[in-house]
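Asks: Got a structure for you, written out below as structure tokens; questions coming shortly.
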Number of protein chains: 4
Amino acid sequence: MSSSDSTKDPRVSEWWRTSIIDMKPGELRYRGYPIQELIGNVSFAQMIWLMTRGELPSDAQGRLLDAALMSAVDHGPQAPSIAIARMAATCGVGLNNAMASAVNVLGDVHGGAGEQAVEMYQAIAAHIDAGALPADAICAGLDEAIAKYGKFVSGFGHRFHLIDPRAPRLLELVDAAAKEGHVGGHYAAIARGVEDELASRKDGRRIPMNIDGATAVIYAELGFPAPLARGLFCLSRSVGILAHAWEQTGQGGRNKGPIPREYVWAYDGPSQRAVPTAER
Amino acid sequence: MSSSDSTKDPRVSEWWRTSIIDMKPGELRYRGYPIQELIGNVSFAQMIWLMTRGELPSDAQGRLLDAALMSAVDHGPQAPSIAIARMAATCGVGLNNAMASAVNVLGDVHGGAGEQAVEMYQAIAAHIDAGALPADAICAGLDEAIAKYGKFVSGFGHRFHLIDPRAPRLLELVDAAAKEGHVGGHYAAIARGVEDELASRKDGRRIPMNIDGATAVIYAELGFPAPLARGLFCLSRSVGILAHAWEQTGQGGRNKGPIPREYVWAYDGPSQRAVPTAER
Amino acid sequence: MSSSDSTKDPRVSEWWRTSIIDMKPGELRYRGYPIQELIGNVSFAQMIWLMTRGELPSDAQGRLLDAALMSAVDHGPQAPSIAIARMAATCGVGLNNAMASAVNVLGDVHGGAGEQAVEMYQAIAAHIDAGALPADAICAGLDEAIAKYGKFVSGFGHRFHLIDPRAPRLLELVDAAAKEGHVGGHYAAIARGVEDELASRKDGRRIPMNIDGATAVIYAELGFPAPLARGLFCLSRSVGILAHAWEQTGQGGRNKGPIPREYVWAYDGPSQRAVPTAER
Amino acid sequence: MSSSDSTKDPRVSEWWRTSIIDMKPGELRYRGYPIQELIGNVSFAQMIWLMTRGELPSDAQGRLLDAALMSAVDHGPQAPSIAIARMAATCGVGLNNAMASAVNVLGDVHGGAGEQAVEMYQAIAAHIDAGALPADAICAGLDEAIAKYGKFVSGFGHRFHLIDPRAPRLLELVDAAAKEGHVGGHYAAIARGVEDELASRKDGRRIPMNIDGATAVIYAELGFPAPLARGLFCLSRSVGILAHAWEQTGQGGRNKGPIPREYVWAYDGPSQRAVPTAER
């Protein structure tokens, strides 16, 4: 509600304050745009931009964001998020609950790689803006990232793929957009520089950019703050989570565990012992 | 993995089975399509369709799905889902966690209206297919929905809007798509018939279609099974949830409660009493 | 706050209303009891009773509740709830988040068995109260439960244990409490009658009471409404969830999936195909 | 399962490994103790200890843990966790889901204070063990905590209570246990020293220990690692969360938002504007 609509007690009406949505009976405006004008004119990806950034993207920006979102939806049931969605679907909860349990685990390790990569790219860009040579800026940014997040550099390397097929294709899109002037292309150059530097530190063995490193290039090119990279990944992965929860629902199963019942687990605790029952 | 890739022990490799995603090192296929071909050619909304349905939509179908998804992203901090996202953001959890706590409450009452409306429309269509006159089918379907879900008919009426501005605009898009032969238009007719029947039961007082009733028309026209309507709403509302959690993060606040601290709550339990300390 | 403390605008102060807790600066009362008197005099299990029921239990009642709570904490990493907690712990989220993702899946199938068993026992008791012979009441209650929840009768049978060692031990405690007059013992008799009836329907093959059937006897003897049986199970299982999340944290691991990476999954979807890129 | 029970393929059976629980059909052992011996002999609080620590506590240790757990169950609907539980209960989800959404927000700010206080106390103790004078150790530990977590020192001060009535009562229990030799009492001394040091830094204005600071004393006295303090708080607060979700279920309500519908919120974004529909 605009503040002129506020009820008498300002403490309450201003307890919740937003610049995202304004409404009156029969009216809904998002960032100032009436919903009936947005519908049919603005894509889902453009709406995601508007909601999180405050302004509408250009069509070219919207397409790049769209590509980043559609490319990270799923990496199969070996990912904890997907496995959890499928298990949850067999426990008698709704699709919304299965989605929640799964999205919830997209934490620093599982869902935070894109955020950490954007952070590193932006730090490198800041070093360059401050006058550092690109090669020095890349070294410094990489060292800072390793110091902060450990030796697995977020956005590079994959435990399953040697080359993650999503990364080069996304970079192609960034290059094309840069050529047409829709984005600057600086972050693509920085990310490739990081990849080269990583290889030079490993005697030439390359640790190629992965999906998180590539979507982070897009998010950085588009000006997203780093933490939103995690939020956007959550939106993206929610699609795979929903699809797997729904497929599992169709397959049935009750309380499906991680492995078949015959396998159980390795127990390495104390042997059987008696409970002391006297006063302890 | 295709079954030819299975490891020796078939019990384990088939414990998880999916037709959504197949992969080998360096290869990722979704429903058979290589990811590098999908990227740049398929929108986020089309990818959502592919993942949940198994085939790619036509462009016109993809646009209708896109409109349904982008129109339901947010209804402000009075919605429990949005309020929860904002509160969570002040409690020291990640954006993924704030999103999870919020998506989780999109249950039968908050997020299930679209699912229930699709179910009602499809039941009415089934009555018509079985030979019932449309008016009779609508009456029967409406009565069944009320018997199952109570007097608030899902998809119709809104406690804030007299006319929900999203509904007529979405119906326009359905009408245009039907005119061009992209969808049948039967569910739009059924939904309008439900609206008329509701009015006739209220002495002409209309209870207009709301966002859930309108997106349900789209989902039914596009052939989605009813439970996916809830899943799609979760994807859509996740956008508003993310935007509000992010905005709240910027506003700061620590452990922000629902109302200002001065207001507390009404207590209607027992007056102060002493704890009996002897053996009870 | 007691209503006399309400601020001027009653609409707000009464928006949240509770009989559980009342407070003023420096004062905290739960169901009327000052916290400083409860601390040291009331056990955790007794506090759970007070919070959910409104009155303090007798010591004997508190001990029975305690036994039900401590007995259902864990059934190992084959249970989806426990597996989810362990996976979550490797994804870079907090213990609170790992607990949430796991507790969330204690739905109708995984966590609802106790609730459904209490419901069945109470329905049988109601038939008896209405004049039915016990044997007839048991038959009717069992048939109603099967009609509502399916052929797996909640509270009886276990896919791993022939005899669930927790059930007979808990029943011993109920029998002892009944002998001393602390509980009536009627629900223990009903549950045993259900077990006998199930056996007679299987040509004598017994489907013994499991942990949910046994804790449900206790909850019913203690007068808990059926839905709280699920809530109490969530409190109990949260302990195992926490213990496993914590143990997994110590073991390390990053994005630990359900099975080792070499096993992946069976793919049964379409073979590789090309994305149609023309207007669809 | 003990490793001798492992199936042929050791990669799988050891994928999940635990020292918490071991089982065979008809047998369940927790940390080596058969469940039928634990039931009736070990309280819920003692079981929580056994599950998280690996050994049974003495009775006196169990009683202190019990007091810490029962004292932190609830602080009313102004706490985001409790408000979320109540809101969730009106959205058509199960009690398990309402509990999950609420426990999930017990993050660094809402649920992490106990963990941070234990960490600070243990750091101070380590300084003393390394030879520092207590007053110097306290100063150093306090400064480190402020540097790491900010100026609100976890465990001290309360925005509602001047004196949190739970803290002095819990400290009494610690003092009594120390007098009888059940705990060392060192952490109680450290915590009181922190309180004094804080006062001296504020010209004598005291910032008294709160519930988190007091339970942290107990957890530290009992030897719990700091992160478990958060996990134990989650178990404790889950009780209040359940009680409020259940009470709200009884009160009814549909999609109950944070404040009455008449209040809405303050909107501070752009005024109404038109969507640019040409190529952007």
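Chain labels A, B, ... are given in the sequence in which chains occur in the structure tokens; within each chain residues are numbered consecutively from 1, and ligands are likewise numbered from 1 in the order shown.
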Kindly provide the residues of chain B that approach chain A to within 7 Å, each paired with its closest atom pair and their distance in Å to one decimal, based on only C-alpha atoms, listed by chain and increasing number, as a Markdown table.
Replies:
| residue | atom | partner | partner_atom | distance |
| --- | --- | --- | --- | --- |
| B:Val12 | CA | A:Pro260 | CA | 6.7 |
| B:Trp15 | CA | A:Pro260 | CA | 6.5 |
| B:Ile21 | CA | A:Gly76 | CA | 6.1 |
| B:Pro25 | CA | A:His161 | CA | 4.4 |
| B:Gly26 | CA | A:His161 | CA | 5.0 |
| B:Glu27 | CA | A:Pro165 | CA | 6.3 |
| B:Ile35 | CA | A:Arg166 | CA | 6.6 |
| B:Gln36 | CA | A:Arg169 | CA | 5.9 |
| B:Ile39 | CA | A:Ala67 | CA | 6.0 |
| B:Gly40 | CA | A:Ala67 | CA | 6.0 |
| B:Ser43 | CA | A:Asp66 | CA | 6.2 |
| B:Phe44 | CA | A:Met70 | CA | 4.6 |
| B:Ala45 | CA | A:Phe44 | CA | 7.0 |
| B:Met47 | CA | A:Met70 | CA | 6.1 |
| B:Ile48 | CA | A:Val239 | CA | 6.1 |
| B:Met51 | CA | A:Ala243 | CA | 5.7 |
| B:Thr52 | CA | A:Ala243 | CA | 4.8 |
| B:Asp66 | CA | A:Phe44 | CA | 5.6 |
| B:Ala67 | CA | A:Gly40 | CA | 6.0 |
| B:Leu69 | CA | A:Phe44 | CA | 6.3 |
| B:Met70 | CA | A:Phe44 | CA | 4.7 |
| B:Ser71 | CA | A:Ile39 | CA | 6.3 |
| B:Gly76 | CA | A:Ile21 | CA | 6.1 |
| B:Leu95 | CA | A:Gly231 | CA | 6.1 |
| B:Asn96 | CA | A:Asn104 | CA | 5.4 |
| B:Asn97 | CA | A:Asn104 | CA | 4.9 |
| B:Ala100 | CA | A:Ala100 | CA | 4.3 |
| B:Ser101 | CA | A:Ala100 | CA | 6.7 |
| B:Val103 | CA | A:Ala100 | CA | 5.8 |
| B:Asn104 | CA | A:Asn97 | CA | 4.9 |
| B:Leu106 | CA | A:Asn96 | CA | 6.0 |
| B:Gly107 | CA | A:Asn96 | CA | 6.7 |
| B:Phe160 | CA | A:Pro25 | CA | 5.8 |
| B:His161 | CA | A:Pro25 | CA | 4.4 |
| B:Leu162 | CA | A:Gly26 | CA | 6.1 |
| B:Ile163 | CA | A:Gly26 | CA | 5.3 |
| B:Asp164 | CA | A:Gly26 | CA | 5.6 |
| B:Pro165 | CA | A:Gly26 | CA | 5.7 |
| B:Arg166 | CA | A:Gln36 | CA | 6.0 |
| B:Arg169 | CA | A:Gln36 | CA | 5.9 |
| B:Gly231 | CA | A:Leu95 | CA | 6.0 |
| B:Cys234 | CA | A:Asn96 | CA | 6.4 |
| B:Leu235 | CA | A:Ser238 | CA | 6.8 |
| B:Ser238 | CA | A:Leu235 | CA | 6.8 |
| B:Val239 | CA | A:Ile48 | CA | 6.1 |
| B:Gly240 | CA | A:Met51 | CA | 6.9 |
| B:Leu242 | CA | A:Gly231 | CA | 6.5 |
| B:Ala243 | CA | A:Thr52 | CA | 4.8 |
| B:Ile259 | CA | A:Trp15 | CA | 6.7 |
| B:Pro260 | CA | A:Trp15 | CA | 6.5 |
Asks: Write the residues you've just listed into a file as an mmCIF file, in the first residue's frame, and include C-alpha atoms for each of them.
Replies:
data_model
loop_
_atom_site.group_PDB
_atom_site.id
_atom_site.type_symbol
_atom_site.label_atom_id
_atom_site.label_comp_id
_atom_site.auth_asym_id
_atom_site.auth_seq_id
_atom_site.Cartn_x
_atom_site.Cartn_y
_atom_site.Cartn_z
ATOM 1 C CA VAL B 12 21.734 -50.821 -6.688
ATOM 2 C CA TRP B 15 17.307 -48.470 -7.029
ATOM 3 C CA ILE B 21 18.060 -37.181 -17.180
ATOM 4 C CA PRO B 25 31.152 -37.857 -18.360
ATOM 5 C CA GLY B 26 30.942 -34.901 -20.720
ATOM 6 C CA GLU B 27 27.340 -35.633 -21.738
ATOM 7 C CA ILE B 35 21.941 -29.940 -23.031
ATOM 8 C CA GLN B 36 24.190 -27.993 -25.406
ATOM 9 C CA ILE B 39 20.751 -24.019 -24.211
ATOM 10 C CA GLY B 40 19.951 -20.971 -26.292
ATOM 11 C CA SER B 43 13.292 -20.874 -22.720
ATOM 12 C CA PHE B 44 13.119 -21.406 -18.964
ATOM 13 C CA ALA B 45 9.355 -21.939 -19.225
ATOM 14 C CA MET B 47 12.445 -26.263 -19.992
ATOM 15 C CA ILE B 48 9.994 -26.455 -17.091
ATOM 16 C CA MET B 51 11.258 -31.535 -17.378
ATOM 17 C CA THR B 52 7.774 -32.153 -15.987
ATOM 18 C CA ASP B 66 5.195 -18.623 -19.255
ATOM 19 C CA ALA B 67 2.307 -16.208 -18.657
ATOM 20 C CA LEU B 69 4.205 -18.681 -14.222
ATOM 21 C CA MET B 70 5.068 -14.975 -14.333
ATOM 22 C CA SER B 71 1.669 -13.816 -13.127
ATOM 23 C CA GLY B 76 2.704 -9.118 -0.880
ATOM 24 C CA LEU B 95 18.469 -17.461 0.926
ATOM 25 C CA ASN B 96 17.974 -21.140 0.123
ATOM 26 C CA ASN B 97 16.724 -21.729 3.661
ATOM 27 C CA ALA B 100 12.504 -23.465 1.742
ATOM 28 C CA SER B 101 10.648 -22.364 4.873
ATOM 29 C CA VAL B 103 7.700 -22.701 -0.191
ATOM 30 C CA ASN B 104 7.008 -25.345 2.421
ATOM 31 C CA LEU B 106 2.259 -23.600 0.054
ATOM 32 C CA GLY B 107 0.018 -26.418 1.258
ATOM 33 C CA PHE B 160 -8.747 -8.593 -0.976
ATOM 34 C CA HIS B 161 -9.721 -8.005 -4.615
ATOM 35 C CA LEU B 162 -13.257 -7.749 -5.904
ATOM 36 C CA ILE B 163 -11.831 -8.380 -9.369
ATOM 37 C CA ASP B 164 -8.380 -9.965 -9.360
ATOM 38 C CA PRO B 165 -6.725 -8.026 -12.217
ATOM 39 C CA ARG B 166 -4.632 -11.018 -13.234
ATOM 40 C CA ARG B 169 -5.909 -10.702 -18.549
ATOM 41 C CA GLY B 231 4.198 -27.611 -8.261
ATOM 42 C CA CYS B 234 5.563 -23.255 -6.102
ATOM 43 C CA LEU B 235 8.019 -22.413 -8.893
ATOM 44 C CA SER B 238 9.435 -18.910 -5.314
ATOM 45 C CA VAL B 239 10.295 -15.794 -7.305
ATOM 46 C CA GLY B 240 8.382 -13.480 -4.990
ATOM 47 C CA LEU B 242 13.284 -14.828 -3.205
ATOM 48 C CA ALA B 243 12.711 -11.159 -4.020
ATOM 49 C CA ILE B 259 4.251 -7.299 14.574
ATOM 50 C CA PRO B 260 6.177 -4.591 16.414
#
Asks: If you count only C-alpha atoms, which residues fall within 10 Å of Ile207 (chain C), apart from same-chain ones fewer than 4 positions away, as number ranges by chain?
Replies: C: 153, 155-158, 162-163, 194-199, 202
Asks: Please report the interatomic distance between CA of Gly114 (chain A) and CA of Gly141 (chain A) in Å with one decimal.
Replies: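 Between CA of Gly114 (chain A) and CA of Gly141 (chain A) the gap works out to 15.3 Å.
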Asks: Interatomic distance between CA of Ala145 (chain C) and CA of Ala188 (chain C)?
Replies: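 Answer for the CA of Ala145 (chain C) to CA of Ala188 (chain C) separation: 17.6 Å.
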Asks: Run DSSP on the backbone of this structure and report the residues of region 44-206 of chain B it assigns to alpha helix (DSSP H), as a PyMOL selection string.
Replies: chain B and resi 44-53+59-71+80-89+95-103+113-129+134-149+166-179+186-201
Asks: Identify, with DSSP run on backbone atoms, the residues in region 7-149 of chain A assigned to strand (DSSP E), and express the list as a PyMOL selection string.
Replies: chain A and resi 17-18+21-24+27-30+33-34
Asks: Mind dumping the selected residues with all heavy atoms as an mmCIF file, in the first residue's frame?
Replies:
data_model
loop_
_atom_site.group_PDB
_atom_site.id
_atom_site.type_symbol
_atom_site.label_atom_id
_atom_site.label_comp_id
_atom_site.auth_asym_id
_atom_site.auth_seq_id
_atom_site.Cartn_x
_atom_site.Cartn_y
_atom_site.Cartn_z
ATOM 1 N N ARG A 17 7.611 -3.186 5.062
ATOM 2 C CA ARG A 17 7.863 -2.151 4.080
ATOM 3 C C ARG A 17 8.540 -2.784 2.877
ATOM 4 O O ARG A 17 9.462 -3.578 3.023
ATOM 5 C CB ARG A 17 8.789 -1.097 4.701
ATOM 6 C CG ARG A 17 9.092 0.113 3.865
ATOM 7 C CD ARG A 17 9.786 1.183 4.719
ATOM 8 N NE ARG A 17 10.958 0.678 5.428
ATOM 9 C CZ ARG A 17 12.167 0.499 4.861
ATOM 10 N NH1 ARG A 17 12.368 0.805 3.596
ATOM 11 N NH2 ARG A 17 13.175 0.030 5.579
ATOM 12 N N THR A 18 8.063 -2.471 1.686
ATOM 13 C CA THR A 18 8.625 -3.074 0.483
ATOM 14 C C THR A 18 8.545 -2.122 -0.697
ATOM 15 O O THR A 18 7.643 -1.279 -0.757
ATOM 16 C CB THR A 18 7.888 -4.380 0.111
ATOM 17 O OG1 THR A 18 8.503 -4.927 -1.058
ATOM 18 C CG2 THR A 18 6.417 -4.145 -0.177
ATOM 19 N N ILE A 21 6.100 -4.600 -4.331
ATOM 20 C CA ILE A 21 4.700 -4.750 -4.717
ATOM 21 C C ILE A 21 3.829 -3.746 -3.986
ATOM 22 O O ILE A 21 4.011 -3.478 -2.807
ATOM 23 C CB ILE A 21 4.227 -6.200 -4.441
ATOM 24 C CG1 ILE A 21 2.781 -6.390 -4.909
ATOM 25 C CG2 ILE A 21 4.420 -6.581 -2.992
ATOM 26 C CD1 ILE A 21 2.322 -7.839 -4.895
ATOM 27 N N ASP A 22 2.895 -3.202 -4.716
ATOM 28 C CA ASP A 22 1.939 -2.236 -4.179
ATOM 29 C C ASP A 22 0.563 -2.706 -4.622
ATOM 30 O O ASP A 22 0.399 -3.182 -5.744
ATOM 31 C CB ASP A 22 2.248 -0.854 -4.779
ATOM 32 C CG ASP A 22 1.432 0.243 -4.115
ATOM 33 O OD1 ASP A 22 0.884 0.012 -3.025
ATOM 34 O OD2 ASP A 22 1.350 1.324 -4.702
ATOM 35 N N MET A 23 -0.418 -2.600 -3.755
ATOM 36 C CA MET A 23 -1.731 -3.050 -4.193
ATOM 37 C C MET A 23 -2.871 -2.330 -3.500
ATOM 38 O O MET A 23 -2.724 -1.806 -2.387
ATOM 39 C CB MET A 23 -1.867 -4.557 -4.035
ATOM 40 C CG MET A 23 -1.885 -5.070 -2.628
ATOM 41 S SD MET A 23 -1.665 -6.894 -2.651
ATOM 42 C CE MET A 23 -2.650 -7.318 -1.226
ATOM 43 N N LYS A 24 -3.962 -2.246 -4.237
ATOM 44 C CA LYS A 24 -5.257 -1.826 -3.707
ATOM 45 C C LYS A 24 -6.256 -2.838 -4.237
ATOM 46 O O LYS A 24 -5.957 -3.537 -5.206
ATOM 47 C CB LYS A 24 -5.625 -0.447 -4.254
ATOM 48 C CG LYS A 24 -4.774 0.669 -3.714
ATOM 49 C CD LYS A 24 -5.299 2.014 -4.189
ATOM 50 C CE LYS A 24 -4.320 3.092 -3.756
ATOM 51 N NZ LYS A 24 -4.320 4.239 -4.668
ATOM 52 N N GLU A 27 -6.164 -3.737 -7.909
ATOM 53 C CA GLU A 27 -4.921 -3.239 -8.520
ATOM 54 C C GLU A 27 -3.711 -3.962 -7.941
ATOM 55 O O GLU A 27 -3.616 -4.153 -6.736
ATOM 56 C CB GLU A 27 -4.739 -1.737 -8.236
ATOM 57 C CG GLU A 27 -5.834 -0.875 -8.828
ATOM 58 C CD GLU A 27 -5.632 0.604 -8.484
ATOM 59 O OE1 GLU A 27 -4.472 1.015 -8.256
ATOM 60 O OE2 GLU A 27 -6.646 1.327 -8.411
ATOM 61 N N LEU A 28 -2.800 -4.298 -8.813
ATOM 62 C CA LEU A 28 -1.544 -4.938 -8.404
ATOM 63 C C LEU A 28 -0.428 -4.356 -9.241
ATOM 64 O O LEU A 28 -0.470 -4.408 -10.473
ATOM 65 C CB LEU A 28 -1.593 -6.449 -8.677
ATOM 66 C CG LEU A 28 -2.210 -7.356 -7.632
ATOM 67 C CD1 LEU A 28 -2.380 -8.752 -8.207
ATOM 68 C CD2 LEU A 28 -1.360 -7.399 -6.376
ATOM 69 N N ARG A 29 0.543 -3.755 -8.600
ATOM 70 C CA ARG A 29 1.689 -3.207 -9.336
ATOM 71 C C ARG A 29 2.974 -3.814 -8.794
ATOM 72 O O ARG A 29 3.175 -3.854 -7.585
ATOM 73 C CB ARG A 29 1.737 -1.683 -9.201
ATOM 74 C CG ARG A 29 0.738 -0.955 -10.088
ATOM 75 C CD ARG A 29 0.754 0.549 -9.867
ATOM 76 N NE ARG A 29 0.319 0.888 -8.529
ATOM 77 C CZ ARG A 29 -0.969 0.979 -8.162
ATOM 78 N NH1 ARG A 29 -1.937 0.775 -9.035
ATOM 79 N NH2 ARG A 29 -1.268 1.274 -6.923
ATOM 80 N N TYR A 30 3.830 -4.254 -9.689
ATOM 81 C CA TYR A 30 5.131 -4.801 -9.324
ATOM 82 C C TYR A 30 6.176 -3.803 -9.770
ATOM 83 O O TYR A 30 6.288 -3.540 -10.966
ATOM 84 C CB TYR A 30 5.340 -6.161 -10.000
ATOM 85 C CG TYR A 30 4.325 -7.173 -9.539
ATOM 86 C CD1 TYR A 30 3.042 -7.195 -10.077
ATOM 87 C CD2 TYR A 30 4.615 -8.081 -8.523
ATOM 88 C CE1 TYR A 30 2.092 -8.106 -9.622
ATOM 89 C CE2 TYR A 30 3.675 -8.993 -8.068
ATOM 90 C CZ TYR A 30 2.414 -8.990 -8.615
ATOM 91 O OH TYR A 30 1.477 -9.871 -8.158
ATOM 92 N N TYR A 33 4.821 -1.348 -12.163
ATOM 93 C CA TYR A 33 4.146 -1.794 -13.390
ATOM 94 C C TYR A 33 2.840 -2.536 -13.070
ATOM 95 O O TYR A 33 2.876 -3.531 -12.324
ATOM 96 C CB TYR A 33 5.047 -2.721 -14.203
ATOM 97 C CG TYR A 33 6.312 -2.084 -14.711
ATOM 98 C CD1 TYR A 33 7.562 -2.557 -14.313
ATOM 99 C CD2 TYR A 33 6.263 -1.019 -15.608
ATOM 100 C CE1 TYR A 33 8.733 -1.975 -14.784
ATOM 101 C CE2 TYR A 33 7.431 -0.428 -16.081
ATOM 102 C CZ TYR A 33 8.670 -0.907 -15.665
ATOM 103 O OH TYR A 33 9.816 -0.333 -16.134
ATOM 104 N N PRO A 34 1.734 -2.100 -13.648
ATOM 105 C CA PRO A 34 0.472 -2.826 -13.421
ATOM 106 C C PRO A 34 0.573 -4.256 -13.958
ATOM 107 O O PRO A 34 1.081 -4.470 -15.064
ATOM 108 C CB PRO A 34 -0.555 -2.016 -14.220
ATOM 109 C CG PRO A 34 0.051 -0.656 -14.397
ATOM 110 C CD PRO A 34 1.537 -0.894 -14.472
#
Asks: Using CA of Val264 (chain A) and CA of Arg261 (chain C) as the two end points, give the distance in Å to one decimal.
Replies: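 Those two atoms sit 17.4 Å apart.
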Asks: Skip Gly253 (chain B) itself and residues of its chain fewer than 6 positions away, then list as a PyMOL selection string all residues within 9 Å of it, counting only C-alpha atoms.
Replies: chain B and resi 87+89-91
Asks: With N, CA and C atoms kept, could you save the residues just selected as a short mmCIF file (atom, residue, chain, number, x, y, z; two decimals), in the first residue's frame?
Replies:
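Once written, again-v6.cif looks like this:
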data_model
loop_
_atom_site.label_atom_id
_atom_site.label_comp_id
_atom_site.auth_asym_id
_atom_site.auth_seq_id
_atom_site.Cartn_x
_atom_site.Cartn_y
_atom_site.Cartn_z
N MET B 87 10.75 -12.91 7.40
CA MET B 87 11.17 -13.20 8.78
C MET B 87 12.43 -14.06 8.78
N ALA B 89 14.70 -14.30 6.69
CA ALA B 89 15.90 -13.56 6.26
C ALA B 89 16.54 -12.79 7.40
N THR B 90 15.80 -12.57 8.48
CA THR B 90 16.37 -11.83 9.61
C THR B 90 16.90 -12.75 10.72
N CYS B 91 16.85 -14.04 10.46
CA CYS B 91 17.21 -15.02 11.49
C CYS B 91 18.59 -15.63 11.29
#
Asks: Kindly indicate which residue among A:Glu279, A:Ala266, A:Val183, A:Ile138 lies nearest to Gln122 (chain A), using only C-alpha atoms for the distances.
Replies: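 Smallest separation from Gln122 (chain A) among the options: A:Ile138.
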